[in-house]
Structures are given as structure tokens and as C-alpha cells.
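Engineer: Following this message is one structure expressed as C-alpha cells.
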Amino acid sequence: MTHAEIKDFLAFAALDRLTPDEIHALEAHLREGCAECPADLAEYREAVGSIAFALEPAATEDRIWNSLQSRLAATVPQAVRGTSGSQMREAGGRRASGRIGMWRAATAAAAAAAIVLAVYAGVLTSQVHRIAGAYQQEFVVIAGQVTGMRGQLDSARAQVATLEGVLNDRHRLDRVLLSPDLRLIRLDPLPPAPQASALVAISEARHAAMIQALKLPPTPAGKTYELWWITRQSGPVKAGLFTVAKENTVIAPASPPPAGEHLQLSAVTLEPAGGVSKPTGSMYLKGAPAYE
Ligand SMILES: [Zn+2]
């Protein structure tokens, strides 16, 4: 066989679709030391390898061949139309008895075109996968950012709610402080918090009371500060609960003292979270109303 004839079936050789005679002829030609065919064959083999890669996971040579055959079915008519009659007759005569019937008659150019198409499809497929992968990574990053922003929004909302609570309490304190029947009790520090102090404001007309405490230690976990009214008739009566954060300053609402009872003292103790009905913990602040 001539170099040109060998060159024609290199694409088939890459797909292991040669007859034994063709294999012998190819091997003989390569032994003679052709300068072109080994490189072409290597290129076709590489292309077939790429197709196998694109068709993963179960790519077999038969699958590649079936895939190429279906592509050839679409490609051959144009390729054959572009071939001169004598070339066609020559090609047909040479390969009509081949194992693969009419596809054997297709020119090597058509086979090569089919390989190129298949490789191109494979390249496109892997590009699509790569791009999809990149978008997915980007999506994961953006989703993470959105989650982070949601967290920030939630903590901002919590801060706003806290500030609203502080403002409401301050507004209530102002209302109590401005009431005509205002009574103030100064609470003085006891040994657990020697720097602390507090002011308790009571308005029976407004049925309200407030405590503003300064420099109390932050409330320990599982604990709460509890404000008490101590009356001659009832002893200690629960007035309200509050906690102190890092800032050491707090304004908190409280129930007014029992109506009609003689208030002797007001005090703040540290109690289990949720509060208790009679004092059990250390006393932090204590003060008596100024009567008469
Ligand atoms: Zn050659």
C-alpha cells in the first residue's frame, strides 16, 4: 500500500477497526520509517482518548465507534458529495468488503471530521462542566455571604429591639419622674457591690415604678437581680426582675408597692433566674423612703 492509502485509514487504525491485512500493511509502512503517519496516528489516538474521556464513565471502544457511526451517518452525505466520482469508486472498490460495511466506504476525511466533531463535543461538554462547576462554587460563596448578611441583619435587629426596650424603659421612667405624686427612694450599696447605687421612682397615680441602677456587677449566668418592697404588713414583696450587662447601668420597670401598705424599705438581691417570691440571695442594695 502507498503512503496515501495508509494515511486514509489511520483514523480507523486509531479506533482498532482495521482488517488483519490492513494491520500488516500499516505495520510494514511504519517499519519503513514514514515521517508523517506515526504523528497522524498518535493524533487520532489522542482524539479517540479524548472522546473516551468525554463519554465516561462507561466508554468502550465499541461505544466510541457506535457514537462515531451515528455522527458519520449525519456527516457522510456532504463529505461524499464533496468527493469526485472516481475517488468514490476507488474508495468503494477498495473497502467494499470491509468488516464494517458501508461505513468502510466513507472517506478517512469523513471519519476524521466525525472524530473532530466528537472531540469538539467532548471539549464543549467538559467546558460546560467546568463552567457549571465554577458557577456552583460562586453560588456556594454567595449563599455563604447571604447567610452571613442574614446573621448580621438578625443581630442588628436584636440591637434595635434592645435599644427600643431601653428607650421605652427610659420613656416610662420619665413619665414616672414627671408624675405629680412621684416618690423617690435612694438605694445604697452593700458589701457585694460597694460602688453600686440605685434610684427607685414610684408613682401610685400612674400605677408604675422604675429602678435605675448604676455600677452593679453584670448578672452571672443563671441569676437575676430582684427588686423588693418591704412593707410593715407583708414583709418582702416581689417588685421586679432585671439583669445587668457589661455597661453596669440599667433602667428597668417594676410593679408599684402594694397599695395602702406602709413601705419600710426597698432592696435588691441576687436570685436564681426567673426570680423567687421571697428573697434568698445576697442583698446588693438597700434604702428606705424618706417619710415626713
Ligand atoms: Zn506514511
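Starting from 1 in every chain, residues are counted up; chains themselves are A, B, ... following the order of the C-alpha cells, and ligands are numbered from 1 as listed.
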Could you list the protein, DNA and RNA residues that have any atom within 6 Å of ligand 1, counting only C-alpha atoms and all ligand atoms, and write them as number ranges by chain?
Structural biologist: A: 3, 34, 36-37
Engineer: Using only C-alpha atoms, which residues sit within 8 Å of A:Leu187 once same-chain residues fewer than 2 positions away are excluded, as a VMD selection string?
Structural biologist: chain A and resid 185 189 197 to 200 266 to 267 285 to 288
Engineer: Taking C-alpha atoms for each residue, export the selection above as a CSV table (one decimal), in the first residue's frame.
Structural biologist:
```csv
chain,number,residue,atom,x,y,z
A,185,ILE,CA,-36.0,56.1,97.2
A,189,PRO,CA,-24.6,49.9,98.3
A,197,SER,CA,-26.2,52.7,93.7
A,198,ALA,CA,-29.8,53.0,92.5
A,199,LEU,CA,-32.8,55.2,92.4
A,200,VAL,CA,-36.3,53.8,92.7
A,266,SER,CA,-36.7,48.7,99.1
A,267,ALA,CA,-33.9,46.3,98.4
A,285,LEU,CA,-28.7,47.5,97.5
A,286,LYS,CA,-31.0,48.7,100.2
A,287,GLY,CA,-32.8,52.0,101.0
A,288,ALA,CA,-35.6,53.5,103.0
```
Engineer: Tell me which protein, DNA and RNA residues are within 7 Å of stretch 18-25 of chain A, counting only C-alpha atoms, leaving out same-chain ones fewer than 5 positions away, and put them as a PyMOL selection string.
Structural biologist: chain A and resi 1+12-13
Engineer: Can you pull out the residues contacting stretch 216-233 of chain A? Cut-off 7 Å, using only C-alpha atoms, and skip same-chain residues under 2 positions away; I want them as a PyMOL selection string.
Structural biologist: chain A and resi 193+196+213-214+235-246+248+257+261-275
Engineer: Report, in Å to a single decimal, how far apart atom CA of A:Ile211 and atom CA of A:Ala254 are.
Structural biologist: 7.1 Å
Engineer: Might you pull out every residue within 8 Å of A:Met210, with only C-alpha atoms counted and same-chain residues fewer than 3 positions away left off, and present them as a list in words?
Structural biologist: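 Residues near the query, excluding close chain neighbours: Arg172, Leu173, Val176, Val200, Ala201, Ile202, Ile251, Ala252, Pro253 and Ala254 of chain A.
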Engineer: So the first atom is atom CA of A:Ser203 and the second is atom CA of A:Leu182; what is the distance between them in Å, to one decimal place?
Structural biologist: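 Atom CA of A:Ser203 sits 5.0 Å away from atom CA of A:Leu182.
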Engineer: Could you jot down the atom CA of A:Met283 to atom CA of A:Pro258 separation for me, Å, one decimal place?
Structural biologist: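 Atom CA of A:Met283 sits 21.2 Å away from atom CA of A:Pro258.
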Engineer: Could you tell me which of A:Ala290, A:Val140, A:Ala28, A:Leu41 comes closest to A:Lys7 if we count only C-alpha atoms?
Structural biologist: A:Leu41
Engineer: Identify which of the residues A:Pro180, A:Arg206, A:Ile6, A:Val141 lies closest to A:Glu27, counting only C-alpha atoms when measuring atom-to-atom distances.
Structural biologist: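 Between A:Pro180, A:Arg206, A:Ile6, A:Val141, the residue approaching A:Glu27 most closely is A:Ile6.
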